[in-house]
Amino acid sequence: MKKITILGSTGSIGTQALDVVRNLPEELSVEVLAANSNVELFAKQIKEFRPKLAVLADEAAYKKLSKKKFRGTELAGGRQAFIDAAAFGNSQIVLTAMSGFAGLEPTIKAIKARKNIALANKETLVVAGELITKYAELCGVKILPVDSEHGAFFQCLQGEDMRKINRLLLTASGGPFRGKTSDELKNVTVKEVLAHPTWNMGKKITVDSATLINKGLEVIEAKFLYDVDYDQIQVVVHPQSIVHSMVEFCDGSVIAQLAVPDMRLPIQYALTYPRRLDSPVESLKFWELNSLTFERPDFKTFRGLNYAYSSGKLGGTMPCTFNAANEVAVNAFLQGRIKFLHIYDVIEEVIIRRDIFTPTLENLLEEDKATRRLAEQYIELAY
Ligand code: NDP
Ligand code: MG
């Protein structure tokens with residue numbers, strides 16, 4: 001029985017991870033659950049999975065939760081309790097399913113406690129890839145990818161020599177605006193942006209999928225997970241989301257991982273690795289697939305993808321700057337303070353203005369704050 005911790009249990013990845021646990025009661029048990037503010041759902045999860053510890057990061061939500069009675073579960077609240085939850089008890093693997101930069105400190109805490117990481121929170125690896133991979137190596141911790149594309153690379157690379165990789169072919173659905181021009185995207189609404197064609201996800205990543213910045217974040221994520229050059233990572237638009245990514249080797253062979261788009265598959269593989277177990281994920285019905293198509297991404301319209309490559313190549317704290325500018329811009333878009341294409345303008349403005357520093361934890365925390373201030377000021381002035 002593997003004991004697991006789920007940080008972000010009330011979100012899209014968190015609830016699907018709990019579904020994986022529900023389907024594998026002999027294999028997985030929940031030691032810790034942690035979320036932010038969704039008291040009702042969190043209370044239900046505690047009752048069903050009976051973790052040893054349950055934490056809400058939001059203080060007001062924790063107050064509400066603490067009025068309820070749970071047998072055998074210790075409750076805690078606040079940001080520090082959320083970070084500490086990552087290192088709690090005998091859990092062997094921590095699923096990082098919270099969104100955004102807030103994932104950085106808990107992930108480091110879990111690694112230092114020598115717990116393997118099932119990594120969904122890609123922002124952490126984008127912001128602090130060097131630091132996280134270094135700590136993981138020093139502590140003998142595995143970083144197991146949950147993101148479907150990186151999970152696909154991981155499966156394609158089993159038993160392979162990493163020095164024989166030619167290219168990582170990172171597939172992208174293209175989001176709801178594939179084929180559109182900048183002109184057509186000027187006035188798109190939040191509702192249109194949130195209508196993703198193939199995946200049902202949290203709001204932040206859904207906006208990132210529409211701007212293709214999600215793919216940009218995934219380029220940087222792939223760089224740190226597989227230690228290849230940026231020029232070896234190629235984005236391929238594949239609207240059907242059946243091929244989850246591919247690896248091309250030095251002999252020209254391409255190995256791909258295919259499945260119906262269902263996040264429970266990569267979540268389960270990361271949690272049960274190295275074992276491959278039965279799952280409720282539907283079989284692919286090849287005769288019902290009309291076609292599988294592949295296109296070049298449109299770097300001109302979806303220019304955030306360029307900013308990701310350039311921030312990644314510049315290195316140091318620049319991917320952190322890129323990520324923070326994006327988080328602020330996405331939030332502002334969701335609140336109706338800026339338009340869709342302004343997300344790119346905010347990022348561009350900020351990454352041009354910020355210097356690059358050595359990516360120590362202290363510098364990253366500082367850079368994140370400074371970038372957020374700068375991005376907010378720019379939004380305030382420009383729109
Ligand atoms: P959701 O928005 O659905 O869920 C986010 C979760 O994190 C919720 O449990 C939320 O708590 C919690 N949370 C939010 N902010 C904080 C905070 N400041 N401190 C602690 N907990 C917090 O996001 P997703 O599940 O879609 O995504 C989670 C991560 O996984 C992201 O990094 C995303 O990029 C990545 N990912 C997601 C995929 C998907 O299919 N959804 C695919 C690949 C990667 P509450 O709801 O209680 O407030
Ligand atoms: Mg992905």
# chains A, B, ... in the order shown; residues from 1 in each chain; ligands from 1
$ residues_around --residues "Ile343 of chain A" --least-positions-apart "4" --cutoff "9 Å" --atoms "only C-alpha atoms" --output "number ranges by chain"
A: 211, 304, 325-326, 328-330, 332-333, 338-339, 347-348
$ residues_near_ligand --ligand "ligand 1" --cutoff "8 Å" --atoms "only C-alpha atoms and all ligand atoms" --output "PyMOL selection string"
chain A and resi 7-15+34-39+41-42+56-58+79+82+96-100+102-103+119-124+146-148+199-206+214+263
$ select_by_dssp --residues "segment 42-251 of chain A" --states "helix (DSSP H, G or I)" --output "PyMOL selection string"
chain A and resi 42-49+59-65+79-85+101-112+122-139+148-156+162-164+182-185+190-193+203-211+213-226+230-232
$ closest_residue --among "A:Val281, A:Leu225, A:Val32, A:Ala172" --to "ligand 2" --atoms "only C-alpha atoms and all ligand atoms"
A:Ala172
$ atom_distance --atom1 "atom CA of Asp355 of chain A" --atom2 "atom CA of Ala210 of chain A"
28.1 Å
$ closest_residue --among "A:Lys142, A:Lys215, A:Lys369, A:Arg71" --to "Arg303 of chain A" --atoms "only C-alpha atoms"
A:Lys215
$ closest_residue --among "A:Gly89, A:Gly140, A:Gly77, A:Pro266" --to "ligand 2" --atoms "only C-alpha atoms and all ligand atoms"
A:Pro266
